[in-house]
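Have a look at data.cif; it's mmCIF, C-alpha atoms:
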data_data
#
loop_
_atom_site.label_atom_id
_atom_site.label_comp_id
_atom_site.auth_asym_id
_atom_site.auth_seq_id
_atom_site.Cartn_x
_atom_site.Cartn_y
_atom_site.Cartn_z
CA MET V 1 -37.71 -23.98 24.96
CA VAL V 2 -35.73 -22.67 27.93
CA TYR V 3 -32.52 -22.50 25.89
CA LEU V 4 -34.29 -20.63 23.11
CA GLN V 5 -35.63 -18.16 25.65
CA ILE V 6 -32.14 -17.60 27.10
CA THR V 7 -30.71 -17.14 23.60
CA ILE V 8 -33.31 -14.51 22.76
CA ARG V 9 -32.64 -12.72 26.05
CA VAL V 10 -28.87 -12.68 25.51
CA ILE V 11 -29.20 -11.32 21.96
CA SER V 12 -31.77 -8.68 22.87
CA ILE V 13 -29.90 -7.49 25.98
CA LEU V 14 -26.57 -7.31 24.10
CA ALA V 15 -28.19 -5.31 21.31
CA LEU V 16 -29.80 -2.95 23.82
CA LEU V 17 -26.58 -2.45 25.79
CA MET V 18 -24.56 -1.87 22.62
CA LEU V 19 -27.02 0.74 21.36
CA LEU V 20 -27.30 2.60 24.64
CA ILE V 21 -23.61 2.56 25.60
CA LEU V 22 -22.53 3.80 22.16
CA LYS V 23 -24.91 6.71 22.65
CA THR V 24 -23.46 7.67 26.02
CA SER V 25 -19.72 7.08 26.11
CA ARG V 26 -16.77 5.70 24.14
CA ARG V 27 -14.31 5.63 26.98
CA LYS V 28 -12.52 2.48 28.03
CA ILE V 29 -13.64 0.74 31.21
CA GLY V 30 -10.35 1.64 32.92
CA GLU V 31 -10.91 5.33 32.14
CA LEU V 32 -14.46 5.54 33.52
CA PRO V 33 -15.19 7.93 36.42
CA VAL V 34 -16.43 6.34 39.62
CA PHE V 35 -20.15 6.95 38.97
CA ASP V 36 -19.99 5.47 35.47
CA PHE V 37 -18.10 2.47 36.84
CA LEU V 38 -20.80 1.87 39.46
CA ALA V 39 -23.47 2.06 36.75
CA ILE V 40 -21.60 -0.61 34.75
CA ILE V 41 -21.42 -2.90 37.81
CA ILE V 42 -25.17 -2.57 38.47
CA LEU V 43 -25.92 -3.16 34.80
CA GLY V 44 -23.91 -6.36 34.93
CA SER V 45 -25.84 -7.58 37.98
CA VAL V 46 -29.24 -6.80 36.47
CA VAL V 47 -28.43 -8.36 33.12
CA GLY V 48 -26.80 -11.40 34.73
CA ALA V 49 -29.90 -12.17 36.77
CA ASP V 50 -32.10 -11.87 33.70
CA ILE V 51 -29.95 -14.23 31.61
CA ALA V 52 -29.27 -16.82 34.31
CA ASP V 53 -32.85 -17.23 35.53
CA PRO V 54 -35.56 -17.63 32.86
CA LYS V 55 -38.19 -17.10 35.56
CA VAL V 56 -37.17 -13.42 35.84
CA ALA V 57 -39.45 -11.23 33.74
CA HIS V 58 -37.55 -9.94 30.70
CA LEU V 59 -39.30 -6.63 30.03
CA PRO V 60 -38.71 -5.22 33.54
CA THR V 61 -35.02 -6.05 33.10
CA ALA V 62 -34.92 -4.20 29.78
CA TYR V 63 -36.62 -1.23 31.46
CA ALA V 64 -34.07 -1.32 34.29
CA VAL V 65 -31.21 -1.27 31.75
CA VAL V 66 -32.69 1.73 29.94
CA LEU V 67 -33.32 3.51 33.25
CA LEU V 68 -29.77 2.95 34.49
CA ILE V 69 -28.26 4.24 31.26
CA ALA V 70 -30.61 7.25 31.34
CA ILE V 71 -29.59 8.09 34.93
CA GLN V 72 -25.92 7.73 34.00
CA PHE V 73 -26.44 10.05 31.02
CA ILE V 74 -28.25 12.68 33.13
CA VAL V 75 -25.65 12.58 35.91
CA SER V 76 -22.82 12.87 33.35
CA HIS V 77 -24.58 15.90 31.86
CA PHE V 78 -24.83 17.61 35.25
CA ILE V 79 -21.19 16.77 36.03
CA MET V 80 -20.14 18.60 32.85
CA LYS V 81 -22.44 21.56 33.49
CA ASN V 82 -21.91 22.01 37.23
CA ARG V 83 -18.40 21.73 38.66
CA VAL V 84 -19.67 21.82 42.26
CA PHE V 85 -21.99 18.89 41.62
CA GLY V 86 -19.22 17.11 39.74
CA GLY V 87 -16.90 17.50 42.71
CA LYS V 88 -19.47 15.84 44.96
CA VAL V 89 -20.01 12.70 42.87
CA THR V 90 -16.47 12.23 41.53
CA PHE V 91 -13.03 12.19 43.08
CA GLY V 92 -11.69 14.89 40.77
CA PRO V 93 -7.99 15.46 40.01
CA THR V 94 -5.90 15.18 43.19
CA VAL V 95 -2.27 16.29 43.47
CA VAL V 96 -0.08 13.65 45.13
CA ILE V 97 3.31 15.21 44.26
CA GLN V 98 3.64 19.00 44.27
CA ASN V 99 6.86 20.87 43.55
CA GLY V 100 8.73 17.57 43.82
CA GLN V 101 7.31 16.70 47.26
CA PHE V 102 4.76 14.03 48.17
CA VAL V 103 1.43 15.40 49.43
CA LYS V 104 0.82 12.87 52.19
CA SER V 105 -2.62 14.20 53.19
CA ASN V 106 -3.99 13.73 49.65
CA MET V 107 -2.44 10.28 49.40
CA LYS V 108 -4.13 9.32 52.68
CA ARG V 109 -7.49 10.64 51.47
CA LEU V 110 -7.25 8.61 48.27
CA ARG V 111 -5.95 5.52 50.12
CA TYR V 112 -2.88 5.56 47.88
CA THR V 113 0.28 4.15 49.40
CA LEU V 114 3.79 5.21 48.47
CA ASP V 115 4.18 1.97 46.54
CA ASP V 116 1.03 2.78 44.55
CA ILE V 117 2.43 6.14 43.47
CA LEU V 118 5.83 4.69 42.60
CA MET V 119 4.16 1.98 40.51
CA HIS V 120 2.19 4.59 38.53
CA LEU V 121 5.36 6.61 38.01
CA ARG V 122 7.17 3.57 36.62
CA GLN V 123 4.27 3.01 34.23
CA LYS V 124 4.99 6.53 32.97
CA ASP V 125 8.67 5.57 32.49
CA VAL V 126 9.69 7.59 35.55
CA PHE V 127 12.08 5.63 37.79
CA ASP V 128 13.54 8.60 39.70
CA VAL V 129 11.11 10.58 41.88
CA SER V 130 13.51 13.54 41.89
CA GLU V 131 12.59 14.13 38.23
CA VAL V 132 8.91 14.76 39.05
CA GLU V 133 7.49 18.27 39.49
CA PHE V 134 3.80 17.34 39.71
CA ALA V 135 1.87 14.06 39.81
CA ILE V 136 -1.93 14.12 39.71
CA VAL V 137 -4.34 11.23 40.29
CA GLU V 138 -7.19 11.63 37.81
CA ASP V 139 -10.82 10.67 38.37
CA SER V 140 -10.21 7.41 36.48
CA GLY V 141 -7.44 6.44 38.92
CA LYS V 142 -4.62 7.01 36.46
CA VAL V 143 -1.72 9.30 37.32
CA SER V 144 -0.62 12.21 35.15
CA VAL V 145 3.02 13.24 35.53
CA LEU V 146 4.81 16.52 34.79
CA LYS V 147 8.58 16.24 34.91
CA LYS V 148 10.82 19.05 36.04
CA SER V 149 11.91 21.25 33.15
CA GLN V 150 15.50 20.01 33.21
CA TYR V 151 14.30 16.43 32.65
CA GLN V 152 11.87 17.15 29.83
CA PRO V 153 12.92 16.39 26.24
CA VAL V 154 14.06 19.36 24.18
CA THR V 155 11.58 20.39 21.49
CA ALA V 156 12.23 21.88 18.07
CA ALA V 157 10.50 25.10 19.18
CA GLU V 158 12.90 25.51 22.11
CA MET V 159 15.87 25.09 19.76
CA SER V 160 14.31 27.39 17.11
CA LEU V 161 14.54 24.62 14.53
CA PRO V 162 12.31 24.68 11.43
CA THR V 163 9.77 21.86 11.23
CA GLN V 164 7.56 20.40 8.52
CA TYR V 165 3.87 19.71 8.80
CA LYS V 166 3.15 16.09 9.68
CA GLY V 167 -0.46 15.04 9.42
CA MET V 168 -2.16 11.67 9.60
CA SER V 169 -1.16 8.86 7.28
CA MET V 170 -3.92 7.52 5.05
CA PRO V 171 -4.48 3.75 4.67
CA LEU V 172 -4.57 2.70 1.01
CA ILE V 173 -4.67 -1.09 1.45
CA ILE V 174 -6.08 -3.00 4.41
CA ASP V 175 -5.86 -6.80 4.50
CA GLY V 176 -5.49 -7.09 0.74
CA LYS V 177 -8.32 -4.70 -0.12
CA GLY V 178 -7.78 -1.30 -1.74
CA GLN V 179 -9.33 1.68 0.00
CA ASN V 180 -10.76 3.55 -3.00
CA GLU V 181 -12.31 6.30 -0.89
CA ASN V 182 -8.94 7.19 0.61
CA LEU V 183 -7.28 7.10 -2.80
CA GLN V 184 -9.81 9.68 -4.00
CA LYS V 185 -9.17 11.89 -0.96
CA MET V 186 -5.45 11.88 -1.83
CA ASN V 187 -6.17 12.52 -5.54
CA LEU V 188 -4.57 9.20 -6.41
CA SER V 189 -5.79 6.49 -8.76
CA ARG V 190 -5.93 2.75 -8.30
CA GLN V 191 -3.64 2.40 -11.32
CA TRP V 192 -1.04 4.65 -9.64
CA LEU V 193 -1.11 2.35 -6.62
CA LEU V 194 -0.70 -0.74 -8.80
CA ASN V 195 2.26 0.88 -10.57
CA GLN V 196 3.94 1.62 -7.25
CA LEU V 197 3.49 -1.97 -6.15
CA GLN V 198 4.76 -3.42 -9.43
CA GLU V 199 7.96 -1.36 -9.19
CA HIS V 200 8.79 -3.38 -6.09
CA GLY V 201 7.81 -6.79 -7.36
CA ILE V 202 4.24 -6.85 -6.04
CA HIS V 203 1.77 -7.71 -8.77
CA SER V 204 -1.50 -7.70 -6.86
CA ILE V 205 -3.13 -5.63 -4.14
CA GLU V 206 -4.15 -8.91 -2.51
CA ASP V 207 -0.45 -9.60 -1.82
CA VAL V 208 -0.31 -6.56 0.50
CA PHE V 209 -1.50 -6.82 4.09
CA TYR V 210 -1.33 -3.07 4.79
CA ALA V 211 -0.21 0.05 2.94
CA GLU V 212 -0.44 3.71 3.83
CA ILE V 213 0.79 7.05 2.52
CA ASN V 214 1.87 9.98 4.68
CA THR V 215 1.64 13.71 4.03
CA GLN V 216 5.16 13.72 2.57
CA GLY V 217 4.07 11.24 -0.10
CA LYS V 218 5.97 8.26 1.35
CA LEU V 219 4.25 4.94 0.84
CA TYR V 220 4.66 2.27 3.53
CA ILE V 221 3.93 -1.32 2.53
CA SER V 222 3.64 -4.52 4.58
CA ARG V 223 3.36 -7.68 2.50
CA VAL V 224 1.19 -10.69 3.21
CA VAL V 225 3.70 -13.28 4.46
CA ASP V 226 3.68 -16.55 6.37
CA ALA V 227 5.17 -16.75 9.86
CA GLY V 228 8.08 -18.83 8.55
CA ASN V 229 8.81 -16.55 5.61
CA ILE V 230 8.87 -13.04 7.03
CA THR V 231 10.42 -10.27 4.96
CA ASP V 232 11.10 -6.68 5.90
CA ASP V 233 8.45 -4.07 5.36
CA PHE V 234 9.58 -1.12 3.32
CA THR V 235 8.83 2.50 2.59
CA LEU V 236 8.73 3.96 -0.90
CA VAL V 237 10.14 7.48 -1.15
#

Translate the structure of the given file into structure tokens.
Amino acid sequence: MVYLQITIRVISILALLMLLILKTSRRKIGELPVFDFLAIIILGSVVGADIADPKVAHLPTAYAVVLLIAIQFIVSHFIMKNRVFGGKVTFGPTVVIQNGQFVKSNMKRLRYTLDDILMHLRQKDVFDVSEVEFAIVEDSGKVSVLKKSQYQPVTAAEMSLPTQYKGMSMPLIIDGKGQNENLQKMNLSRQWLLNQLQEHGIHSIEDVFYAEINTQGKLYISRVVDAGNITDDFTLV
């Protein structure tokens, strides 16, 4: 009876958390602001106590979960609407490198050491501090980096080169199943797709692990293969 009770609690709490969290935020845990992160920690403690001890009343726990999510939602709303309030309950973006120079006072306030900053720079593929114009620690703890202009890659606009539109590719086959809705969006038929596959020795959609078409009409195909019999993927022009 106790195990059945725990099972019911786990299922109901998971369903409740999934419903409420999907309604509030889709950000990754590592990207959460400090207040949201604290709410997640408290939620874990409340839910853990409810699941681990069957003697804990279940309905008060469910109420506490709903209340915590509601508070988090309200606070997030005020943070978006009121920048002053947001600055009080979040760290906010903090400049740690300005005009190529470390801002020691901001680093000290954030408790970031020099090694911390250098590590974040390396994660951004920056191994030479002299290339950095600005580095900003975001509310999530991640560091945004702006390189000096002479170290930034040259763009087509800067070289006055003509470019073509490049939109999103559209999946046509996923794990051996044709995506009929996407075929319709691209004004393509299932028979057209089969013909394209047959031209390259593929006689069934089920033999394709993944296929997509880009805005230039190029079809990329990855076959279904075993680990010991891997062949190259290919693109149809």

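The spacing separating atom CA of Ser130 of chain V from atom CA of Gln152 of chain V amounts to 12.7 Å.
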
**Request:** Tell me which of V:Ala64, V:Gln150, V:Met119, V:Met170 sits closest to Gln184 of chain V, counting all atoms listed in the file.
**Result:**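 Smallest distance to Gln184 of chain V is found for V:Met170.
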
Using all atoms listed in the file, find all polymer residues with an atom at most 12 Å away from the point (4.5, 16.5, 13.1); report them as a CSV table (one decimal) with C-alpha atoms, in the coordinates of the input.
chain,number,residue,atom,x,y,z
V,155,THR,CA,11.6,20.4,21.5
V,156,ALA,CA,12.2,21.9,18.1
V,162,PRO,CA,12.3,24.7,11.4
V,163,THR,CA,9.8,21.9,11.2
V,164,GLN,CA,7.6,20.4,8.5
V,165,TYR,CA,3.9,19.7,8.8
V,166,LYS,CA,3.2,16.1,9.7
V,167,GLY,CA,-0.5,15.0,9.4
V,168,MET,CA,-2.2,11.7,9.6
V,169,SER,CA,-1.2,8.9,7.3
V,214,ASN,CA,1.9,10.0,4.7
V,215,THR,CA,1.6,13.7,4.0
V,216,GLN,CA,5.2,13.7,2.6

**Selected residue, from V:Leu43, V:Val75, V:Ile13, V:Ala70, that lies nearest to His58 of chain V when counting all atoms listed in the file** =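 Looking only at the distances to His58 of chain V, the closest residue turns out to be V:Ile13.
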
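With atom CA of Glu206 of chain V on one side and atom CA of Gly178 of chain V on the other, the separation reads 8.5 Å.
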
**Item:** the PyMOL selection byres ((chain V and resi 9) around 12) applied to the shown file, residues as a ChimeraX atom specification
**Value:** /V:2-8,10-17,47-59,61-62

**Prompt:** What is the atom CA of Pro93 of chain V-atom CA of His77 of chain V distance in Å, reported with one decimal?
**Reply:** 18.5 Å

Using the chain letters and numbers from this file, what does the PyMOL selection byres ((chain V and resi 121-123) around 12) select? Give the answer as a PDB file with C-alpha atoms, keeping the file's coordinate frame.
ATOM      1  CA  VAL V  96      -0.080  13.650  45.130  1.00  0.00           C
ATOM      2  CA  ILE V  97       3.310  15.210  44.260  1.00  0.00           C
ATOM      3  CA  LEU V 114       3.790   5.210  48.470  1.00  0.00           C
ATOM      4  CA  ASP V 115       4.180   1.970  46.540  1.00  0.00           C
ATOM      5  CA  ASP V 116       1.030   2.780  44.550  1.00  0.00           C
ATOM      6  CA  ILE V 117       2.430   6.140  43.470  1.00  0.00           C
ATOM      7  CA  LEU V 118       5.830   4.690  42.600  1.00  0.00           C
ATOM      8  CA  MET V 119       4.160   1.980  40.510  1.00  0.00           C
ATOM      9  CA  HIS V 120       2.190   4.590  38.530  1.00  0.00           C
ATOM     10  CA  LYS V 124       4.990   6.530  32.970  1.00  0.00           C
ATOM     11  CA  ASP V 125       8.670   5.570  32.490  1.00  0.00           C
ATOM     12  CA  VAL V 126       9.690   7.590  35.550  1.00  0.00           C
ATOM     13  CA  PHE V 127      12.080   5.630  37.790  1.00  0.00           C
ATOM     14  CA  ASP V 128      13.540   8.600  39.700  1.00  0.00           C
ATOM     15  CA  VAL V 129      11.110  10.580  41.880  1.00  0.00           C
ATOM     16  CA  SER V 130      13.510  13.540  41.890  1.00  0.00           C
ATOM     17  CA  GLU V 131      12.590  14.130  38.230  1.00  0.00           C
ATOM     18  CA  VAL V 132       8.910  14.760  39.050  1.00  0.00           C
ATOM     19  CA  GLU V 133       7.490  18.270  39.490  1.00  0.00           C
ATOM     20  CA  PHE V 134       3.800  17.340  39.710  1.00  0.00           C
ATOM     21  CA  ALA V 135       1.870  14.060  39.810  1.00  0.00           C
ATOM     22  CA  ILE V 136      -1.930  14.120  39.710  1.00  0.00           C
ATOM     23  CA  VAL V 137      -4.340  11.230  40.290  1.00  0.00           C
ATOM     24  CA  LYS V 142      -4.620   7.010  36.460  1.00  0.00           C
ATOM     25  CA  VAL V 143      -1.720   9.300  37.320  1.00  0.00           C
ATOM     26  CA  SER V 144      -0.620  12.210  35.150  1.00  0.00           C
ATOM     27  CA  VAL V 145       3.020  13.240  35.530  1.00  0.00           C
ATOM     28  CA  LEU V 146       4.810  16.520  34.790  1.00  0.00           C
ATOM     29  CA  LYS V 147       8.580  16.240  34.910  1.00  0.00           C
TER      30      LYS V 147
END

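When the PyMOL selection byres ((chain V and resi 186-198) around 10) is evaluated against the file, it yields Met170, Leu172, Ile173, Gly178, Gln179, Asn180, Glu181, Asn182, Leu183, Gln184, Lys185, Glu199, His200, Gly201, Ile202, His203, Ser204, Ile205, Asp207, Val208, Ala211, Ile213, Asn214, Thr215, Gly217, Leu219, Ile221 and Leu236 of chain V.
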
**Message:** For a quick check of understanding, using all atoms listed in the file, which of V:Leu110, V:Tyr151, V:Tyr210, V:Ile40 has the smallest distance to Ile69 of chain V?
**Reply:**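 Checking each candidate against Ile69 of chain V, we get V:Ile40 as the closest.
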
Around all the atoms of segment 148-154 of chain V listed in the file, draw an axis-aligned box and extend it by 8 Å on each of the six sides; I want its centre and edge lengths in Å to one decimal, as JSON.
{"center_x": 13.2, "center_y": 18.8, "center_z": 30.1, "size_x": 20.7, "size_y": 20.9, "size_z": 27.9}
